[in-house]
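Asks: Quick one: the structure is below, and I'll ask about it shortly.
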Amino acid sequence: MFGNFTDRILNTFDSLTGKGLLTEEDVTKALREIRVAMLEADVPLAVAKDFVLKIKEKAVGEKILKSIKPGDMVIKIVRDSLADLLGKNLPSESFDLSYKSSPSVFLLVGLQGSGKTTTAGKLSLLLKNDKKKVLLSSLDIYRPAAIEQLNQLAKSIEIDYMENNPNDKIANLVKNSFTKAKQMSHDIIIFDTAGRTTVDVTLMEEIKEIQQITDPSEILLVADSMIGQESVNVAKSFQSYVDLSGIILTRVDGDSKGGAALSMTVSTGKPIKFIGVGEKISNLEKFSADRVADRILDMGDIVGIVEKAEKEIDEKEAEKMANKLSKGNFDLEDFQKQLAQMKKLGGIKGILSLMPGVRKAKEAIENSNLEDKTFVRMGAIISSMTKKEKINPSIINGSRKKRIASGSGAEIQDVNRLLKQFKNMQDMMKKMSKYGTEGMERMLSNNMGTKNLGNMLNNLKRK
Ligand SMILES: Nc1nc2c(ncn2[C@@H]2O[C@H](COP(=O)(O)OP(=O)(O)OP(=O)(O)O)[C@@H](O)[C@H]2O)c(=O)[nH]1
Ligand SMILES: [Mg+2]
């Protein structure tokens, strides 16, 4: 996400931080570059101009040119302005579930194929994890199998759903949904709606009607970030018909420009509440302007990593692992599990993309052979070992090495390298557990694996 924009902005920052003193000319030049970066990210000219102008006003107001670290001051101003642009002051994260009669209603609207149905499933899962009882109901009576698509999804994540009949009237389907939700005490009904290829009057009239009969507390526009400014235009059109409460931007995983995310809020005045970052049902993230601003400027998204780890990592396993680590009892089987966990978190690049200040490291990794393939190969080698070998690698002699290598399609050198790396790691672990500082102890011995990860990453950030 935002890859190209991030690179451009950081290059500009490099030229600012290298200097002790900044002239007004330096700042003007940097701002010009930021404007170009925004235009390349597909942000409309008016938005880019206004953004840069505001930064300039603040910069002049804070007399940065005379400060001790003027470059850092400019960076801070850009960062804060970016968070504002992304909607820092809008209520993006929480849903008010109390002000409408129970159950609360969420309406998902948007163009055809924007991701409404998938997002309905993803959102219900998030809410379920938040201990909310959700009912899914599809009002897409036009596309064959649309209702079935949502219901299959609901089934797979164990969410209640309505067996809506596509030949029935929408008003009836809505009525039945409310009856069931009241009977079964659902907290929220999420209505999925039909998409159209363009914003046409028939669609809008239908959505207006659904709005009237469902009295939703949230009308969320699901918009595809890959179509850039077009999705901002779509949002504006929807807004003129119905009272949108927020935006869910999908396919952010495939969008390296980020123009829609950068200009959606400022163009519509509506907060982005969630972003879809992949096809998997767990690929929906809460949107936070502060966190995304930090991520764009390579200041890292620690909260994001911890949330991701919490979602993907089994806590009991993590705890067991931490215990083993602290005792120095780490064997190849554990190593294999760690490799699998890394894969779950999105591989080395996935993790690095969320870590602060790692742009240069990332480049280095891209240019080296330290990539996910290496880890996959390591995993394969370990898989070819017997349990005995994994627990006690010292028994791995020449003939065993040969067997392991041919079993995993690797060379004997690869097996040797892995064993050596593992030995180094084990030695390091032993030393750490022996001479462990207080911080290290705390990190490894307390009960929550994911918190440990958070602490560890925070320590990294401070360095
Ligand atoms: N990569 C990626 N794909 C997504 C994301 N969200 C949805 N998709 C994919 O987009 C496609 C269309 O999604 P749907 O949920 O069926 O879209 P829809 O808006 O309900 O479509 P209609 O009902 O035809 O209007 C599916 O293949 C989804 O897997 C996302 O955040 N990232
Ligand atoms: Mg759909």
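Residue names in the structure tokens use chain letters A, B, ... in the order shown, residue numbers from 1 in each chain, and ligand numbers from 1 in the order shown.
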For chain A against ligand 2, with a cut-off of 9 Å and counting only C-alpha atoms and all ligand atoms, what is the closest atom pair and its distance in Å to one decimal for every residue that makes the cut, ordered by chain and number, as JSON lines?

Replies:
{"residue": "A:Gln112", "atom": "CA", "partner": "ligand 2", "partner_atom_place_in_ligand_line": "1 (Mg)", "distance": 7.2}
{"residue": "A:Gly113", "atom": "CA", "partner": "ligand 2", "partner_atom_place_in_ligand_line": "1 (Mg)", "distance": 6.7}
{"residue": "A:Ser114", "atom": "CA", "partner": "ligand 2", "partner_atom_place_in_ligand_line": "1 (Mg)", "distance": 8.2}
{"residue": "A:Gly115", "atom": "CA", "partner": "ligand 2", "partner_atom_place_in_ligand_line": "1 (Mg)", "distance": 6.7}
{"residue": "A:Lys116", "atom": "CA", "partner": "ligand 2", "partner_atom_place_in_ligand_line": "1 (Mg)", "distance": 5.3}
{"residue": "A:Thr117", "atom": "CA", "partner": "ligand 2", "partner_atom_place_in_ligand_line": "1 (Mg)", "distance": 4.1}
{"residue": "A:Thr118", "atom": "CA", "partner": "ligand 2", "partner_atom_place_in_ligand_line": "1 (Mg)", "distance": 7.2}
{"residue": "A:Ala120", "atom": "CA", "partner": "ligand 2", "partner_atom_place_in_ligand_line": "1 (Mg)", "distance": 8.9}
{"residue": "A:Ser138", "atom": "CA", "partner": "ligand 2", "partner_atom_place_in_ligand_line": "1 (Mg)", "distance": 8.3}
{"residue": "A:Asp140", "atom": "CA", "partner": "ligand 2", "partner_atom_place_in_ligand_line": "1 (Mg)", "distance": 7.0}
{"residue": "A:Arg143", "atom": "CA", "partner": "ligand 2", "partner_atom_place_in_ligand_line": "1 (Mg)", "distance": 8.3}
{"residue": "A:Ala146", "atom": "CA", "partner": "ligand 2", "partner_atom_place_in_ligand_line": "1 (Mg)", "distance": 5.8}
{"residue": "A:Ile147", "atom": "CA", "partner": "ligand 2", "partner_atom_place_in_ligand_line": "1 (Mg)", "distance": 8.0}
{"residue": "A:Gln149", "atom": "CA", "partner": "ligand 2", "partner_atom_place_in_ligand_line": "1 (Mg)", "distance": 7.6}
{"residue": "A:Leu150", "atom": "CA", "partner": "ligand 2", "partner_atom_place_in_ligand_line": "1 (Mg)", "distance": 7.5}
{"residue": "A:Asp192", "atom": "CA", "partner": "ligand 2", "partner_atom_place_in_ligand_line": "1 (Mg)", "distance": 6.9}
{"residue": "A:Thr193", "atom": "CA", "partner": "ligand 2", "partner_atom_place_in_ligand_line": "1 (Mg)", "distance": 6.8}
{"residue": "A:Ala194", "atom": "CA", "partner": "ligand 2", "partner_atom_place_in_ligand_line": "1 (Mg)", "distance": 6.2}
{"residue": "A:Gly195", "atom": "CA", "partner": "ligand 2", "partner_atom_place_in_ligand_line": "1 (Mg)", "distance": 6.7}

Asks: So that I can check the secondary structure, give me every residue of stretch 198-252 of chain A assigned alpha helix (DSSP H) by backbone DSSP, as a PyMOL selection string.

Replies: chain A and resi 201-214+229-241

Asks: May I have the residues within 6 Å of stretch 402-416 of chain A as a VMD selection string, using only C-alpha atoms and disregarding those fewer than 3 positions away in the same chain?

Replies: chain A and resid 380 to 381 384 399 419

Asks: Any idea what's packed within 9 Å of stretch 240-244 of chain A, counting only C-alpha atoms, ignoring anything in its chain fewer than 4 positions away? Could you give it as a list in words?

Replies: Met204, Glu205, Ile207, Lys208, Gln211, Glu218, Ile219, Leu220, Leu221, Ala235, Lys236 and Lys270 of chain A

Asks: How about saving the chosen residues, N, CA and C atoms kept, as a short mmCIF file (atom, residue, chain, number, x, y, z; two decimals), in the first residue's frame?

Replies:
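part21.cif, freshly written:
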data_model
loop_
_atom_site.label_atom_id
_atom_site.label_comp_id
_atom_site.auth_asym_id
_atom_site.auth_seq_id
_atom_site.Cartn_x
_atom_site.Cartn_y
_atom_site.Cartn_z
N MET A 204 -30.27 4.02 -7.19
CA MET A 204 -30.33 4.98 -6.09
C MET A 204 -31.71 5.03 -5.45
N GLU A 205 -32.72 4.93 -6.30
CA GLU A 205 -34.09 4.93 -5.76
C GLU A 205 -34.29 3.71 -4.85
N ILE A 207 -31.96 2.07 -3.21
CA ILE A 207 -31.22 2.21 -1.96
C ILE A 207 -31.91 3.20 -1.01
N LYS A 208 -32.49 4.24 -1.63
CA LYS A 208 -33.22 5.22 -0.81
C LYS A 208 -34.39 4.53 -0.10
N GLN A 211 -33.12 2.44 2.64
CA GLN A 211 -32.76 3.31 3.77
C GLN A 211 -34.01 3.65 4.60
N GLU A 218 -25.75 2.80 10.18
CA GLU A 218 -24.57 2.99 9.34
C GLU A 218 -24.91 2.69 7.89
N ILE A 219 -24.61 3.62 7.00
CA ILE A 219 -24.67 3.30 5.58
C ILE A 219 -23.23 3.39 5.07
N LEU A 220 -22.67 2.24 4.75
CA LEU A 220 -21.26 2.20 4.40
C LEU A 220 -21.09 1.98 2.92
N LEU A 221 -20.36 2.89 2.29
CA LEU A 221 -20.09 2.70 0.87
C LEU A 221 -18.85 1.83 0.72
N ALA A 235 -18.34 7.82 -4.74
CA ALA A 235 -18.74 8.18 -3.38
C ALA A 235 -19.53 9.47 -3.37
N LYS A 236 -19.06 10.44 -4.16
CA LYS A 236 -19.77 11.72 -4.21
C LYS A 236 -21.18 11.54 -4.77
N LYS A 270 -16.34 12.20 4.48
CA LYS A 270 -16.71 10.98 5.22
C LYS A 270 -15.47 10.17 5.59
#

Asks: Just want the 12 Å neighbourhood of A:Ala46, counted on only C-alpha atoms, with same-chain residues fewer than 5 positions away dropped. Output as a ChimeraX atom specification.

Replies: /A:35,38-39,51-53,263,266-267

Asks: Write a file of the just-selected residues containing C-alpha atoms, as a PDB file, in the first residue's frame.

Replies:
ATOM      1  CA  ARG A  35       3.071  17.946  -4.566  1.00  0.00           C
ATOM      2  CA  MET A  38       0.754  13.360  -4.600  1.00  0.00           C
ATOM      3  CA  LEU A  39      -0.111  13.932  -8.218  1.00  0.00           C
ATOM      4  CA  PHE A  51      -2.306  20.069   1.209  1.00  0.00           C
ATOM      5  CA  VAL A  52       1.018  21.667   0.364  1.00  0.00           C
ATOM      6  CA  LEU A  53      -0.281  25.153   1.065  1.00  0.00           C
ATOM      7  CA  SER A 263      -8.293  11.961  -1.216  1.00  0.00           C
ATOM      8  CA  VAL A 266     -11.096  15.280   2.028  1.00  0.00           C
ATOM      9  CA  SER A 267     -13.303  14.997  -1.075  1.00  0.00           C
TER      10      SER A 267
END

Asks: Can you pull out every residue within 8 Å of A:Glu33, counting only C-alpha atoms, but drop anything in the same chain fewer than 3 positions away, and send it as a list in words?

Replies: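 In the requested form, the answer reads Arg8, Ile9, Thr12, Lys29, Ala30, Val36 and Ala37 of chain A.
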
Asks: Just how far from atom CA of A:Asp187 is atom CA of A:Lys132, in Å to one decimal?

Replies: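 Going from atom CA of A:Lys132 over to atom CA of A:Asp187, I get 6.1 Å.
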
Asks: Residues near A:Asn233, anyone? I mean within 10 Å using only C-alpha atoms, not counting same-chain ones fewer than 5 positions away, as a PyMOL selection string.

Replies: chain A and resi 199+228+238-239+260+264+267-268

Asks: Write the residues you've just listed into a file as an mmCIF file, in the first residue's frame, and include N, CA and C atoms for each of them.

Replies:
data_model
loop_
_atom_site.group_PDB
_atom_site.id
_atom_site.type_symbol
_atom_site.label_atom_id
_atom_site.label_comp_id
_atom_site.auth_asym_id
_atom_site.auth_seq_id
_atom_site.Cartn_x
_atom_site.Cartn_y
_atom_site.Cartn_z
ATOM 1 N N VAL A 199 -23.555 4.425 -11.354
ATOM 2 C CA VAL A 199 -24.538 4.986 -10.434
ATOM 3 C C VAL A 199 -25.765 5.369 -11.248
ATOM 4 N N GLY A 228 -9.046 4.189 -8.195
ATOM 5 C CA GLY A 228 -8.533 5.528 -7.884
ATOM 6 C C GLY A 228 -9.597 6.596 -7.756
ATOM 7 N N PHE A 238 -23.061 8.787 -4.675
ATOM 8 C CA PHE A 238 -23.886 8.100 -3.678
ATOM 9 C C PHE A 238 -24.339 9.076 -2.598
ATOM 10 N N GLN A 239 -23.374 9.933 -2.229
ATOM 11 C CA GLN A 239 -23.651 10.874 -1.156
ATOM 12 C C GLN A 239 -24.816 11.797 -1.461
ATOM 13 N N ALA A 260 -6.975 7.022 -3.955
ATOM 14 C CA ALA A 260 -8.332 7.004 -3.413
ATOM 15 C C ALA A 260 -8.298 7.191 -1.900
ATOM 16 N N MET A 264 -10.073 10.435 -0.518
ATOM 17 C CA MET A 264 -11.479 10.088 -0.275
ATOM 18 C C MET A 264 -12.096 10.972 0.812
ATOM 19 N N SER A 267 -12.343 14.709 -0.002
ATOM 20 C CA SER A 267 -13.303 14.997 -1.075
ATOM 21 C C SER A 267 -14.749 14.766 -0.660
ATOM 22 N N THR A 268 -14.972 13.858 0.282
ATOM 23 C CA THR A 268 -16.367 13.539 0.631
ATOM 24 C C THR A 268 -16.751 13.981 2.046
#

Asks: Work out how far atom CA of A:Ile275 is from atom 26 (C, counted along the ligand's line) of ligand 1, in Å to one decimal.

Replies: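 Interatomic distance, atom 26 (C, counted along the ligand's line) of ligand 1 to atom CA of A:Ile275: 14.5 Å.
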
Asks: If I take atom CA of A:Ser124 and atom CA of A:Pro144, how far is one from the other in Å, to one decimal?

Replies: 22.8 Å

Asks: When you count only C-alpha atoms and all ligand atoms, which of these residues is closest to ligand 1: A:Phe274, A:Phe13, A:Phe178, A:Tyr161?

Replies: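 Checking each of A:Phe274, A:Phe13, A:Phe178, A:Tyr161 against ligand 1, counting only C-alpha atoms and all ligand atoms, the winner is A:Phe274.
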
Asks: Select, from A:Leu45, A:Ile382, A:Ile55, A:Val376, the residue with the minimum atom-to-atom distance to A:Asp84, counting only C-alpha atoms.

Replies: A:Ile55

Asks: With distances taken over only C-alpha atoms, which of A:Ile395, A:Val292, A:Ala261, A:Ala59 is nearest to A:Pro44?

Replies: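 Looking at the shortest contact to A:Pro44, the residue is A:Ala261.
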
Asks: Using DSSP assignments from the backbone, pull out every residue in stretch 131-361 of chain A that falls under strand (DSSP E) and give it to me as an NGL selection string.

Replies: :A and (134-138 or 160-161 or 188-192 or 218-224 or 246-250 or 272-276 or 284-286)
